[in-house]
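*Asks:* My structure file coords-v4.cif, mmCIF, C-alpha atoms, is below:
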data_data
#
loop_
_atom_site.label_atom_id
_atom_site.label_comp_id
_atom_site.auth_asym_id
_atom_site.auth_seq_id
_atom_site.Cartn_x
_atom_site.Cartn_y
_atom_site.Cartn_z
CA VAL A 1 31.15 -7.20 -27.28
CA ARG A 2 33.22 -9.12 -24.74
CA ILE A 3 36.88 -8.50 -25.41
CA ALA A 4 39.88 -9.83 -23.52
CA VAL A 5 43.16 -7.98 -23.37
CA LEU A 6 46.04 -10.19 -22.31
CA GLY A 7 48.84 -8.23 -20.70
CA THR A 8 49.01 -5.66 -17.91
CA GLY A 9 51.66 -3.38 -19.38
CA THR A 10 51.14 -0.01 -20.98
CA VAL A 11 49.75 -1.52 -24.18
CA GLY A 12 47.28 -3.77 -22.38
CA ARG A 13 46.09 -0.98 -20.11
CA THR A 14 45.67 1.44 -22.98
CA LEU A 15 43.71 -1.00 -25.13
CA ALA A 16 41.48 -2.15 -22.27
CA ALA A 17 40.63 1.39 -21.15
CA ARG A 18 39.83 2.49 -24.67
CA LEU A 19 37.70 -0.57 -25.41
CA ALA A 20 35.79 -0.07 -22.16
CA GLY A 21 35.35 3.59 -23.04
CA LEU A 22 33.80 2.52 -26.32
CA GLY A 23 31.25 0.44 -24.43
CA HIS A 24 32.81 -3.00 -24.78
CA GLU A 25 32.98 -5.47 -21.93
CA ALA A 26 36.73 -5.40 -21.43
CA HIS A 27 38.56 -8.03 -19.41
CA VAL A 28 42.25 -7.81 -18.64
CA GLY A 29 44.03 -11.13 -18.42
CA THR A 30 47.27 -11.80 -16.61
CA ARG A 31 49.28 -14.83 -15.56
CA ASP A 32 48.90 -14.27 -11.83
CA VAL A 33 46.39 -11.73 -10.61
CA GLU A 34 47.92 -11.42 -7.14
CA ALA A 35 51.42 -10.94 -8.52
CA SER A 36 50.21 -8.32 -11.00
CA LEU A 37 48.45 -6.36 -8.26
CA ALA A 38 51.53 -6.62 -6.05
CA GLY A 39 53.85 -5.30 -8.77
CA THR A 40 55.61 -2.05 -7.86
CA GLN A 41 56.84 -1.06 -11.33
CA GLU A 42 55.22 2.11 -12.63
CA SER A 43 54.31 2.51 -16.29
CA TRP A 44 56.09 5.25 -18.22
CA ASP A 45 52.66 6.48 -19.37
CA GLY A 46 51.81 7.90 -15.95
CA SER A 47 49.20 5.27 -15.06
CA GLY A 48 51.27 4.13 -12.09
CA THR A 49 51.56 0.56 -10.83
CA PHE A 50 49.12 -1.99 -12.15
CA ALA A 51 47.22 -1.91 -8.85
CA GLN A 52 46.83 1.86 -9.17
CA TRP A 53 45.65 1.55 -12.75
CA HIS A 54 43.23 -1.21 -11.75
CA ALA A 55 41.83 0.93 -8.92
CA ASN A 56 41.32 3.78 -11.38
CA ASN A 57 39.53 1.53 -13.87
CA PRO A 58 37.05 -0.33 -11.69
CA ASP A 59 34.75 -1.22 -14.59
CA ILE A 60 37.43 -3.36 -16.27
CA ALA A 61 37.39 -6.95 -15.06
CA LEU A 62 40.67 -8.59 -14.10
CA GLY A 63 41.38 -12.29 -14.18
CA ALA A 64 43.81 -15.02 -15.09
CA PHE A 65 44.39 -15.49 -18.83
CA ALA A 66 41.73 -18.22 -19.09
CA GLU A 67 39.16 -16.31 -17.02
CA ALA A 68 39.60 -13.15 -19.06
CA SER A 69 39.43 -15.03 -22.36
CA ALA A 70 36.41 -17.19 -21.54
CA GLY A 71 33.53 -16.11 -23.77
CA ALA A 72 35.54 -13.35 -25.43
CA GLU A 73 34.87 -12.73 -29.09
CA VAL A 74 38.20 -10.99 -29.54
CA VAL A 75 41.39 -11.58 -27.56
CA PHE A 76 44.06 -8.91 -27.85
CA ASN A 77 47.53 -10.26 -27.32
CA ALA A 78 49.27 -7.36 -25.60
CA THR A 79 51.83 -9.46 -23.78
CA ALA A 80 55.56 -9.14 -24.37
CA GLY A 81 56.55 -11.09 -27.45
CA GLU A 82 58.68 -13.55 -25.52
CA GLY A 83 55.72 -14.49 -23.33
CA SER A 84 52.97 -14.44 -25.95
CA LEU A 85 52.85 -18.13 -26.84
CA ASP A 86 52.74 -19.10 -23.16
CA ALA A 87 50.07 -16.51 -22.38
CA LEU A 88 47.83 -17.62 -25.24
CA GLY A 89 48.52 -21.23 -24.37
CA ALA A 90 47.12 -20.50 -20.91
CA ALA A 91 44.06 -18.72 -22.31
CA GLY A 92 42.03 -21.89 -22.78
CA ASP A 93 40.13 -22.91 -25.88
CA LEU A 94 40.49 -20.20 -28.51
CA ASP A 95 38.75 -22.00 -31.37
CA GLY A 96 36.72 -19.54 -33.37
CA VAL A 97 38.12 -16.60 -31.43
CA VAL A 98 39.71 -13.61 -33.15
CA ILE A 99 43.22 -13.09 -31.77
CA ALA A 100 44.29 -9.52 -32.44
CA ASP A 101 48.04 -9.80 -32.08
CA VAL A 102 49.63 -6.46 -31.30
CA SER A 103 52.86 -7.87 -29.87
CA ASN A 104 56.42 -7.64 -31.16
CA PRO A 105 58.94 -10.46 -30.89
CA LEU A 106 61.59 -8.29 -29.23
CA ASP A 107 64.78 -9.89 -28.01
CA ASN A 108 66.13 -7.56 -25.33
CA SER A 109 68.94 -9.90 -24.32
CA GLN A 110 71.57 -7.93 -26.22
CA GLY A 111 70.76 -4.41 -25.09
CA PHE A 112 69.14 -1.56 -26.96
CA PRO A 113 67.97 -1.48 -29.65
CA PRO A 114 66.48 -4.96 -29.28
CA LEU A 115 66.77 -7.57 -32.01
CA LEU A 116 63.84 -9.68 -33.14
CA SER A 117 63.57 -13.20 -31.76
CA VAL A 118 61.92 -14.36 -34.99
CA CYS A 119 61.92 -12.79 -38.45
CA ASN A 120 62.46 -13.21 -42.19
CA ASP A 121 61.17 -16.77 -42.70
CA ASP A 122 58.64 -16.74 -39.86
CA SER A 123 56.89 -14.34 -37.50
CA LEU A 124 55.42 -14.38 -34.03
CA ALA A 125 51.91 -14.03 -35.48
CA GLU A 126 52.44 -17.08 -37.67
CA ARG A 127 53.69 -19.01 -34.64
CA ILE A 128 50.57 -18.00 -32.73
CA GLN A 129 48.37 -19.07 -35.65
CA ARG A 130 50.15 -22.44 -35.87
CA ALA A 131 49.77 -22.93 -32.11
CA HIS A 132 46.03 -22.12 -32.34
CA PRO A 133 44.86 -23.42 -35.72
CA GLY A 134 41.20 -22.98 -34.75
CA ALA A 135 41.67 -19.32 -33.87
CA LYS A 136 41.73 -16.45 -36.34
CA VAL A 137 44.89 -14.44 -35.85
CA VAL A 138 45.01 -10.88 -37.14
CA LYS A 139 48.25 -8.94 -36.80
CA THR A 140 47.70 -5.25 -36.21
CA LEU A 141 48.71 -2.17 -34.18
CA ASN A 142 52.23 -3.43 -33.43
CA THR A 143 53.67 -0.64 -35.58
CA VAL A 144 52.74 2.28 -33.30
CA THR A 145 53.06 3.22 -29.65
CA ALA A 146 50.15 2.45 -27.32
CA ALA A 147 48.68 5.95 -27.26
CA ILE A 148 48.48 6.08 -31.05
CA MET A 149 46.99 2.59 -31.29
CA VAL A 150 43.77 3.75 -29.68
CA ARG A 151 43.78 7.47 -30.62
CA PRO A 152 45.44 7.82 -34.01
CA ALA A 153 44.14 11.37 -34.37
CA ASP A 154 46.61 12.42 -31.67
CA VAL A 155 49.34 12.59 -34.32
CA GLY A 156 49.06 14.20 -37.72
CA GLY A 157 45.30 14.53 -37.41
CA GLY A 158 45.05 10.77 -37.88
CA ASP A 159 46.26 10.99 -41.47
CA HIS A 160 48.55 7.95 -41.37
CA THR A 161 48.38 4.24 -41.97
CA MET A 162 47.63 1.08 -40.01
CA PHE A 163 48.07 -2.44 -41.33
CA VAL A 164 46.25 -5.73 -40.85
CA ALA A 165 47.32 -9.21 -41.90
CA GLY A 166 45.54 -12.49 -41.37
CA ASP A 167 44.10 -15.50 -43.12
CA ASP A 168 40.46 -14.99 -42.12
CA GLU A 169 38.56 -12.22 -43.88
CA ASP A 170 35.76 -12.03 -41.30
CA ALA A 171 38.28 -11.73 -38.49
CA LYS A 172 40.04 -8.94 -40.35
CA ALA A 173 36.70 -7.18 -40.78
CA THR A 174 36.04 -7.49 -37.03
CA VAL A 175 39.45 -6.04 -36.21
CA ARG A 176 39.05 -3.35 -38.82
CA SER A 177 35.78 -2.20 -37.24
CA LEU A 178 37.52 -1.90 -33.88
CA LEU A 179 40.34 0.06 -35.52
CA GLU A 180 37.81 2.40 -37.10
CA ALA A 181 36.17 2.89 -33.70
CA PHE A 182 39.59 3.87 -32.36
CA GLY A 183 39.78 6.47 -35.14
CA TRP A 184 41.83 4.76 -37.84
CA ARG A 185 40.91 6.03 -41.29
CA HIS A 186 43.62 4.38 -43.42
CA VAL A 187 43.88 0.63 -42.89
CA VAL A 188 45.88 -1.35 -45.45
CA ASP A 189 45.27 -5.09 -45.75
CA LEU A 190 48.60 -6.86 -46.24
CA GLY A 191 46.94 -10.18 -47.05
CA GLY A 192 47.41 -13.45 -45.20
CA ILE A 193 49.12 -13.95 -41.87
CA ARG A 194 52.50 -14.16 -43.61
CA GLY A 195 52.16 -10.40 -44.05
CA ALA A 196 52.82 -10.18 -40.31
CA ARG A 197 56.49 -10.72 -41.10
CA ALA A 198 56.56 -7.33 -42.79
CA MET A 199 54.81 -5.67 -39.85
CA GLU A 200 57.15 -7.21 -37.29
CA MET A 201 60.28 -6.51 -39.38
CA TYR A 202 59.22 -2.88 -39.50
CA LEU A 203 60.03 -2.64 -35.79
CA PRO A 204 63.74 -1.88 -36.26
CA MET A 205 62.69 1.09 -38.40
CA TRP A 206 60.26 2.19 -35.71
CA LEU A 207 62.96 1.93 -33.06
CA GLN A 208 65.44 3.93 -35.17
CA LEU A 209 62.83 6.59 -35.86
CA MET A 210 61.97 6.81 -32.18
CA GLY A 211 65.66 7.35 -31.47
CA ALA A 212 66.03 9.93 -34.22
CA ARG A 213 62.90 11.85 -33.20
CA GLY A 214 63.18 11.43 -29.45
CA THR A 215 59.51 10.51 -29.09
CA PRO A 216 57.30 7.53 -29.90
CA MET A 217 54.49 9.84 -31.04
CA PHE A 218 54.79 9.28 -34.79
CA ASN A 219 53.64 6.89 -37.46
CA VAL A 220 54.06 6.42 -41.18
CA LYS A 221 51.58 7.19 -43.92
CA VAL A 222 51.62 5.35 -47.22
CA VAL A 223 51.78 8.01 -49.94
CA SER A 224 51.13 7.48 -53.63
CA VAL B 1 81.51 15.59 -59.56
CA ARG B 2 82.62 12.21 -60.85
CA ILE B 3 80.17 9.58 -59.72
CA ALA B 4 80.24 5.85 -60.42
CA VAL B 5 77.10 3.76 -60.54
CA LEU B 6 77.78 0.06 -60.20
CA GLY B 7 75.07 -2.05 -61.80
CA THR B 8 73.38 -2.06 -65.18
CA GLY B 9 69.86 -2.93 -64.08
CA THR B 10 66.93 -0.56 -63.82
CA VAL B 11 68.23 1.06 -60.64
CA GLY B 12 71.72 1.65 -62.05
CA ARG B 13 70.38 3.04 -65.30
CA THR B 14 67.94 5.34 -63.55
CA LEU B 15 70.54 6.72 -61.15
CA ALA B 16 73.18 7.21 -63.84
CA ALA B 17 70.82 9.00 -66.22
CA ARG B 18 69.53 11.30 -63.50
CA LEU B 19 73.03 12.11 -62.21
CA ALA B 20 74.20 12.87 -65.76
CA GLY B 21 71.14 15.04 -66.26
CA LEU B 22 72.12 17.01 -63.18
CA GLY B 23 75.51 17.69 -64.71
CA HIS B 24 77.60 15.08 -62.95
CA GLU B 25 80.21 12.98 -64.71
CA ALA B 26 78.42 9.67 -64.47
CA HIS B 27 80.18 6.36 -65.08
CA VAL B 28 78.35 3.06 -65.12
CA GLY B 29 80.35 0.10 -63.88
CA THR B 30 79.72 -3.53 -64.68
CA ARG B 31 81.52 -6.82 -64.23
CA ASP B 32 82.01 -7.49 -67.92
CA VAL B 33 81.30 -4.73 -70.42
CA GLU B 34 81.01 -7.06 -73.41
CA ALA B 35 78.64 -9.38 -71.61
CA SER B 36 76.48 -6.47 -70.42
CA LEU B 37 76.22 -5.07 -73.95
CA ALA B 38 75.39 -8.52 -75.31
CA GLY B 39 72.59 -9.07 -72.79
CA THR B 40 69.14 -9.51 -74.34
CA GLN B 41 67.01 -9.02 -71.24
CA GLU B 42 64.84 -5.92 -71.41
CA SER B 43 64.20 -3.77 -68.37
CA TRP B 44 60.62 -3.54 -67.12
CA ASP B 45 60.99 0.26 -67.18
CA GLY B 46 60.90 0.44 -70.97
CA SER B 47 64.59 1.29 -71.43
CA GLY B 48 65.15 -1.92 -73.37
CA THR B 49 68.28 -4.02 -73.28
CA PHE B 50 71.38 -2.57 -71.69
CA ALA B 51 72.92 -2.01 -75.14
CA GLN B 52 69.84 -0.03 -76.19
CA TRP B 53 69.95 2.03 -73.02
CA HIS B 54 73.68 2.64 -73.50
CA ALA B 55 73.12 3.79 -77.08
CA ASN B 56 70.44 6.19 -75.88
CA ASN B 57 72.72 7.61 -73.18
CA PRO B 58 75.96 8.25 -75.05
CA ASP B 59 77.23 10.79 -72.53
CA ILE B 60 77.39 8.19 -69.76
CA ALA B 61 80.73 6.37 -69.68
CA LEU B 62 80.72 2.60 -69.38
CA GLY B 63 83.50 0.48 -67.94
CA ALA B 64 84.45 -2.38 -65.71
CA PHE B 65 83.81 -1.85 -61.99
CA ALA B 66 87.37 -0.61 -61.36
CA GLU B 67 87.42 1.68 -64.40
CA ALA B 68 84.11 3.27 -63.49
CA SER B 69 85.11 3.73 -59.86
CA ALA B 70 88.60 5.16 -60.51
CA GLY B 71 88.61 8.77 -59.35
CA ALA B 72 84.95 8.74 -58.36
CA GLU B 73 84.00 10.77 -55.33
CA VAL B 74 80.81 8.79 -54.83
CA VAL B 75 80.17 5.18 -55.83
CA PHE B 76 76.54 4.09 -55.93
CA ASN B 77 76.10 0.41 -55.26
CA ALA B 78 73.14 -0.45 -57.48
CA THR B 79 74.05 -4.09 -57.96
CA ALA B 80 71.85 -6.94 -56.80
CA GLY B 81 72.43 -7.56 -53.09
CA GLU B 82 73.85 -11.01 -53.63
CA GLY B 83 76.53 -9.60 -55.94
CA SER B 84 77.29 -6.38 -54.08
CA LEU B 85 80.30 -7.50 -52.05
CA ASP B 86 81.93 -9.00 -55.13
CA ALA B 87 81.21 -5.93 -57.24
CA LEU B 88 82.65 -3.54 -54.69
CA GLY B 89 85.57 -5.88 -54.15
CA ALA B 90 86.33 -5.53 -57.86
CA ALA B 91 86.01 -1.74 -57.77
CA GLY B 92 89.60 -1.15 -56.66
CA ASP B 93 90.76 1.08 -53.84
CA LEU B 94 87.74 2.74 -52.26
CA ASP B 95 89.55 4.42 -49.36
CA GLY B 96 88.03 7.83 -48.75
CA VAL B 97 85.24 7.19 -51.24
CA VAL B 98 81.57 7.63 -50.35
CA ILE B 99 79.70 4.40 -51.09
CA ALA B 100 76.01 5.16 -51.45
CA ASP B 101 74.50 1.74 -50.93
CA VAL B 102 71.03 1.48 -52.47
CA SER B 103 70.94 -2.31 -52.66
CA ASN B 104 68.77 -4.81 -50.85
CA PRO B 105 69.99 -8.22 -49.67
CA LEU B 106 67.20 -10.11 -51.38
CA ASP B 107 67.25 -13.90 -51.33
CA ASN B 108 65.15 -14.99 -54.29
CA SER B 109 65.98 -18.67 -53.89
CA GLN B 110 62.65 -19.48 -52.26
CA GLY B 111 60.28 -17.71 -54.63
CA PHE B 112 58.25 -14.56 -54.20
CA PRO B 113 58.24 -12.65 -51.99
CA PRO B 114 61.99 -12.92 -51.47
CA LEU B 115 63.50 -13.33 -48.02
CA LEU B 116 66.51 -11.32 -46.86
CA SER B 117 69.91 -12.98 -47.00
CA VAL B 118 71.04 -10.98 -43.99
CA CYS B 119 69.02 -9.18 -41.32
CA ASN B 120 68.35 -8.58 -37.64
CA ASP B 121 71.90 -8.76 -36.22
CA ASP B 122 73.68 -7.54 -39.36
CA SER B 123 72.98 -5.85 -42.69
CA LEU B 124 74.42 -5.75 -46.17
CA ALA B 125 75.52 -2.15 -45.64
CA GLU B 126 77.43 -3.12 -42.50
CA ARG B 127 79.07 -5.97 -44.40
CA ILE B 128 80.12 -3.54 -47.11
CA GLN B 129 81.50 -1.14 -44.50
CA ARG B 130 83.48 -3.93 -42.83
CA ALA B 131 84.83 -5.07 -46.20
CA HIS B 132 85.91 -1.48 -47.00
CA PRO B 133 86.89 0.09 -43.68
CA GLY B 134 88.49 3.07 -45.44
CA ALA B 135 85.34 3.88 -47.40
CA LYS B 136 82.37 5.81 -46.05
CA VAL B 137 79.22 3.78 -46.55
CA VAL B 138 75.86 5.55 -46.53
CA LYS B 139 72.71 3.48 -46.84
CA THR B 140 69.95 5.26 -48.72
CA LEU B 141 67.26 4.98 -51.40
CA ASN B 142 66.77 1.22 -50.97
CA THR B 143 63.25 1.84 -49.65
CA VAL B 144 61.69 3.06 -52.91
CA THR B 145 61.47 1.97 -56.52
CA ALA B 146 64.01 3.36 -58.99
CA ALA B 147 61.77 6.01 -60.51
CA ILE B 148 60.98 7.50 -57.10
CA MET B 149 64.63 7.43 -56.02
CA VAL B 150 65.52 10.12 -58.52
CA ARG B 151 62.17 11.92 -58.87
CA PRO B 152 60.39 11.77 -55.53
CA ALA B 153 57.93 14.44 -56.64
CA ASP B 154 56.39 11.87 -58.99
CA VAL B 155 54.38 10.50 -56.05
CA GLY B 156 52.45 12.52 -53.51
CA GLY B 157 54.06 15.75 -54.66
CA GLY B 158 57.30 14.60 -53.02
CA ASP B 159 55.77 14.84 -49.57
CA HIS B 160 57.27 11.62 -48.18
CA THR B 161 60.38 10.45 -46.43
CA MET B 162 63.84 9.15 -47.33
CA PHE B 163 66.36 7.77 -44.87
CA VAL B 164 70.14 7.84 -44.57
CA ALA B 165 72.35 5.85 -42.23
CA GLY B 166 76.13 5.84 -41.99
CA ASP B 167 79.03 6.42 -39.65
CA ASP B 168 80.57 9.41 -41.46
CA GLU B 169 78.78 12.74 -41.14
CA ASP B 170 80.50 14.34 -44.13
CA ALA B 171 79.58 11.39 -46.32
CA LYS B 172 75.98 11.65 -45.20
CA ALA B 173 76.03 15.35 -46.03
CA THR B 174 77.37 14.55 -49.52
CA VAL B 175 74.64 11.97 -50.09
CA ARG B 176 72.01 14.26 -48.66
CA SER B 177 72.95 16.99 -51.15
CA LEU B 178 72.53 14.50 -54.00
CA LEU B 179 69.16 13.46 -52.58
CA GLU B 180 68.09 17.09 -52.41
CA ALA B 181 69.15 17.56 -56.03
CA PHE B 182 66.94 14.60 -56.90
CA GLY B 183 64.07 16.41 -55.19
CA TRP B 184 63.98 14.88 -51.71
CA ARG B 185 62.63 17.32 -49.13
CA HIS B 186 62.30 15.04 -46.10
CA VAL B 187 65.47 13.11 -45.29
CA VAL B 188 65.66 11.46 -41.85
CA ASP B 189 69.09 10.56 -40.47
CA LEU B 190 68.88 7.16 -38.76
CA GLY B 191 72.33 7.49 -37.24
CA GLY B 192 75.26 5.13 -37.76
CA ILE B 193 75.52 2.39 -40.33
CA ARG B 194 73.71 0.00 -37.98
CA GLY B 195 70.58 1.96 -38.92
CA ALA B 196 70.84 0.24 -42.30
CA ARG B 197 69.35 -2.85 -40.65
CA ALA B 198 66.10 -0.96 -40.21
CA MET B 199 66.13 0.23 -43.82
CA GLU B 200 66.81 -3.24 -45.20
CA MET B 201 64.30 -4.92 -42.87
CA TYR B 202 61.68 -2.50 -44.18
CA LEU B 203 61.84 -4.32 -47.51
CA PRO B 204 59.29 -7.01 -46.60
CA MET B 205 56.84 -4.19 -45.81
CA TRP B 206 57.64 -2.57 -49.15
CA LEU B 207 57.07 -5.87 -50.97
CA GLN B 208 53.74 -6.45 -49.18
CA LEU B 209 52.61 -2.91 -49.95
CA MET B 210 53.58 -3.32 -53.59
CA GLY B 211 51.47 -6.48 -53.67
CA ALA B 212 48.54 -4.81 -51.93
CA ARG B 213 48.64 -1.71 -54.13
CA GLY B 214 49.62 -3.35 -57.41
CA THR B 215 52.27 -0.74 -58.16
CA PRO B 216 55.72 0.20 -56.87
CA MET B 217 54.87 3.91 -57.14
CA PHE B 218 54.45 4.66 -53.43
CA ASN B 219 56.49 5.56 -50.42
CA VAL B 220 55.93 6.24 -46.74
CA LYS B 221 55.93 9.57 -44.97
CA VAL B 222 56.82 9.88 -41.32
CA VAL B 223 53.94 11.73 -39.66
CA SER B 224 53.98 13.31 -36.21
#
What is this file in structure tokens?

*Replies:*
Amino acid sequence: VRIAVLGTGTVGRTLAARLAGLGHEAHVGTRDVEASLAGTQESWDGSGTFAQWHANNPDIALGAFAEASAGAEVVFNATAGEGSLDALGAAGDLDGVVIADVSNPLDNSQGFPPLLSVCNDDSLAERIQRAHPGAKVVKTLNTVTAAIMVRPADVGGGDHTMFVAGDDEDAKATVRSLLEAFGWRHVVDLGGIRGARAMEMYLPMWLQLMGARGTPMFNVKVVS
Amino acid sequence: VRIAVLGTGTVGRTLAARLAGLGHEAHVGTRDVEASLAGTQESWDGSGTFAQWHANNPDIALGAFAEASAGAEVVFNATAGEGSLDALGAAGDLDGVVIADVSNPLDNSQGFPPLLSVCNDDSLAERIQRAHPGAKVVKTLNTVTAAIMVRPADVGGGDHTMFVAGDDEDAKATVRSLLEAFGWRHVVDLGGIRGARAMEMYLPMWLQLMGARGTPMFNVKVVS
């Protein structure tokens, strides 16, 4: 399946590499290919600059947002929350496309921990859905760090919970099958896209837990 | 230990009964004792009207907010979020007192699910702390339904997580010992009272999960 991953940060790299490893035709999309390849910032995950990562992953195509998204069945939004609407706006016609939104609407303007730039009576995922009414937005994976997104078994033997929310049942089934391929065994459906509010408002808890534990390698399991 | 529980709803009743059962001198505080005893609304937990519950728990003292709180070492805020600041304002001098804040700032004015009346850059617990700078506010227990608050072993064998947040370490230790007496084995300290934002912003997730599961008898466990 052709899958676009928008965003060249740690999350985008991790998703693209895992999807390619699973045999999908992965395309990474970015605003400006030249600028991304010229970037000197190194990822905290050890994958180096984007140019280094790109050189080490020669089977993953790289293009502008619209190039990467063209013909994709699923588009992962792995851009920073503040840039997500612009990035998807530049991705071309997304009608009928599944947008797997893994972003968080973090507002870093006031230091750490970040606030949310939207919450309570709206969410970034809802904004994306409103901006692309013909697309099928599914919120998922924003509640864990990149490494756990694609290899949940790396913590707690994979015995913890992922969430999905979205208005389109087929799109949720598509995303769910990708999650299962990643190794997710417990996926809870939070209903329509409004459920994304809950997933995004969980981020302050995630940030506090990361601070308390000193590592992002954790998740929560729903217990009953 | 003398402990006040402010609030006559399901949460207040559950906390007071459990604290009394553990041998504490439990006092339930309410705005207007006569009005509370005259109330005809029955709790969804089967404990009936407040007058019926009171008759069935004769060892638990009942008084106005200030009466119940006088001399209490710990005051549980189990009032509805919208009434919490008023209730604690009526509780008299709370300097040196541990306020265990179990409330949620729910805004029910726009139907179900409720929004939060405060979040992101502030929290109800922080507002309570600012209103009572001499008190020691500890946020806890707001992330589970009443029955689980006091008997965590009733779901998943108790193998799930509770949180505390507050600026005073001794107060957190006091609350933690009460939590342990309730049966909590995994209590994560989220740091200062600002951590209450994370605990209150978790509520939308809790509400979605309750909807998805059809029962409030669940909690989350932090897995690593």

*Asks:* Could you tell me which residues the PyMOL selection byres ((chain A and resi 201) around 9) grabs in this file, written as a PDB file with C-alpha atoms, keeping the file's coordinate frame?

*Replies:*
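What ended up in part_27.pdb:
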ATOM      1  CA  LEU A 116      63.840  -9.680 -33.140  1.00  0.00           C
ATOM      2  CA  CYS A 119      61.920 -12.790 -38.450  1.00  0.00           C
ATOM      3  CA  ASN A 120      62.460 -13.210 -42.190  1.00  0.00           C
ATOM      4  CA  SER A 123      56.890 -14.340 -37.500  1.00  0.00           C
ATOM      5  CA  ALA A 196      52.820 -10.180 -40.310  1.00  0.00           C
ATOM      6  CA  ARG A 197      56.490 -10.720 -41.100  1.00  0.00           C
ATOM      7  CA  ALA A 198      56.560  -7.330 -42.790  1.00  0.00           C
ATOM      8  CA  MET A 199      54.810  -5.670 -39.850  1.00  0.00           C
ATOM      9  CA  GLU A 200      57.150  -7.210 -37.290  1.00  0.00           C
ATOM     10  CA  TYR A 202      59.220  -2.880 -39.500  1.00  0.00           C
ATOM     11  CA  LEU A 203      60.030  -2.640 -35.790  1.00  0.00           C
ATOM     12  CA  PRO A 204      63.740  -1.880 -36.260  1.00  0.00           C
ATOM     13  CA  MET A 205      62.690   1.090 -38.400  1.00  0.00           C
TER      14      MET A 205
ATOM     15  CA  ASN B 120      68.350  -8.580 -37.640  1.00  0.00           C
ATOM     16  CA  ALA B 198      66.100  -0.960 -40.210  1.00  0.00           C
ATOM     17  CA  MET B 201      64.300  -4.920 -42.870  1.00  0.00           C
ATOM     18  CA  TYR B 202      61.680  -2.500 -44.180  1.00  0.00           C
ATOM     19  CA  LEU B 203      61.840  -4.320 -47.510  1.00  0.00           C
ATOM     20  CA  PRO B 204      59.290  -7.010 -46.600  1.00  0.00           C
ATOM     21  CA  MET B 205      56.840  -4.190 -45.810  1.00  0.00           C
TER      22      MET B 205
END

*Asks:* Carefully work through the PyMOL selection byres ((chain B) within 9 of (chain A)) for this structure and note down the residues it includes, as a compact mmCIF listing (two decimals) with C-alpha atoms, keeping the file's coordinate frame.

*Replies:*
# COMPACT_ATOMS: atom_id res chain seq x y z
CA LEU B 115 63.50 -13.33 -48.02
CA LEU B 116 66.51 -11.32 -46.86
CA SER B 117 69.91 -12.98 -47.00
CA CYS B 119 69.02 -9.18 -41.32
CA ASN B 120 68.35 -8.58 -37.64
CA ASP B 121 71.90 -8.76 -36.22
CA ASP B 154 56.39 11.87 -58.99
CA VAL B 155 54.38 10.50 -56.05
CA GLY B 156 52.45 12.52 -53.51
CA GLY B 157 54.06 15.75 -54.66
CA ASP B 159 55.77 14.84 -49.57
CA HIS B 160 57.27 11.62 -48.18
CA VAL B 188 65.66 11.46 -41.85
CA ASP B 189 69.09 10.56 -40.47
CA LEU B 190 68.88 7.16 -38.76
CA GLY B 191 72.33 7.49 -37.24
CA GLY B 195 70.58 1.96 -38.92
CA ARG B 197 69.35 -2.85 -40.65
CA ALA B 198 66.10 -0.96 -40.21
CA MET B 199 66.13 0.23 -43.82
CA MET B 201 64.30 -4.92 -42.87
CA TYR B 202 61.68 -2.50 -44.18
CA LEU B 203 61.84 -4.32 -47.51
CA PRO B 204 59.29 -7.01 -46.60
CA MET B 205 56.84 -4.19 -45.81
CA TRP B 206 57.64 -2.57 -49.15
CA LEU B 207 57.07 -5.87 -50.97
CA GLN B 208 53.74 -6.45 -49.18
CA LEU B 209 52.61 -2.91 -49.95
CA GLY B 211 51.47 -6.48 -53.67
CA ALA B 212 48.54 -4.81 -51.93
CA MET B 217 54.87 3.91 -57.14
CA PHE B 218 54.45 4.66 -53.43
CA ASN B 219 56.49 5.56 -50.42
CA VAL B 220 55.93 6.24 -46.74
CA LYS B 221 55.93 9.57 -44.97
CA VAL B 222 56.82 9.88 -41.32
CA VAL B 223 53.94 11.73 -39.66
CA SER B 224 53.98 13.31 -36.21

*Asks:* Find, counting only C-alpha atoms, the residue in A:Ala55, A:Leu88, A:Ala72, A:Ala131 that gets nearest to Thr30 (chain A).

*Replies:*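 Between A:Ala55, A:Leu88, A:Ala72, A:Ala131, the residue approaching Thr30 (chain A) most closely is A:Leu88.
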
*Asks:* Quick one: everything within 10 Å of Ser43 (chain B), counting all atoms listed in the file, minus sequence neighbours fewer than 5 positions away in the same chain. Send it as a compact mmCIF listing (two decimals) with C-alpha atoms, in the frame of the given file.

*Replies:*
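Result went into part11.txt, see below:
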# COMPACT_ATOMS: atom_id res chain seq x y z
CA THR B 8 73.38 -2.06 -65.18
CA GLY B 9 69.86 -2.93 -64.08
CA THR B 10 66.93 -0.56 -63.82
CA VAL B 11 68.23 1.06 -60.64
CA ARG B 13 70.38 3.04 -65.30
CA GLY B 48 65.15 -1.92 -73.37
CA THR B 49 68.28 -4.02 -73.28
CA PHE B 50 71.38 -2.57 -71.69
CA TRP B 53 69.95 2.03 -73.02

*Asks:* Interatomic distance between CA of His132 (chain A) and CA of Gly12 (chain A)?

*Replies:*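 Atom-to-atom, CA of His132 (chain A) to CA of Gly12 (chain A), that is 20.9 Å.
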
*Asks:* If I take CA of Gly92 (chain A) and CA of Ala64 (chain A), how far is one from the other in Å, to one decimal?

*Replies:*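 Value for the CA of Gly92 (chain A)-CA of Ala64 (chain A) distance: 10.5 Å.
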
*Asks:* Would you list the residues near (80.0, 4.3, -51.6) (no more than 8 Å away, in the coordinates of the file, using all atoms listed in the file) as a list in words?

*Replies:* Val74, Val75, Phe76, Asn77, Leu94, Val97, Val98, Ile99, Ala100, Asp101, Ala135, Lys136, Val137 and Val138 of chain B
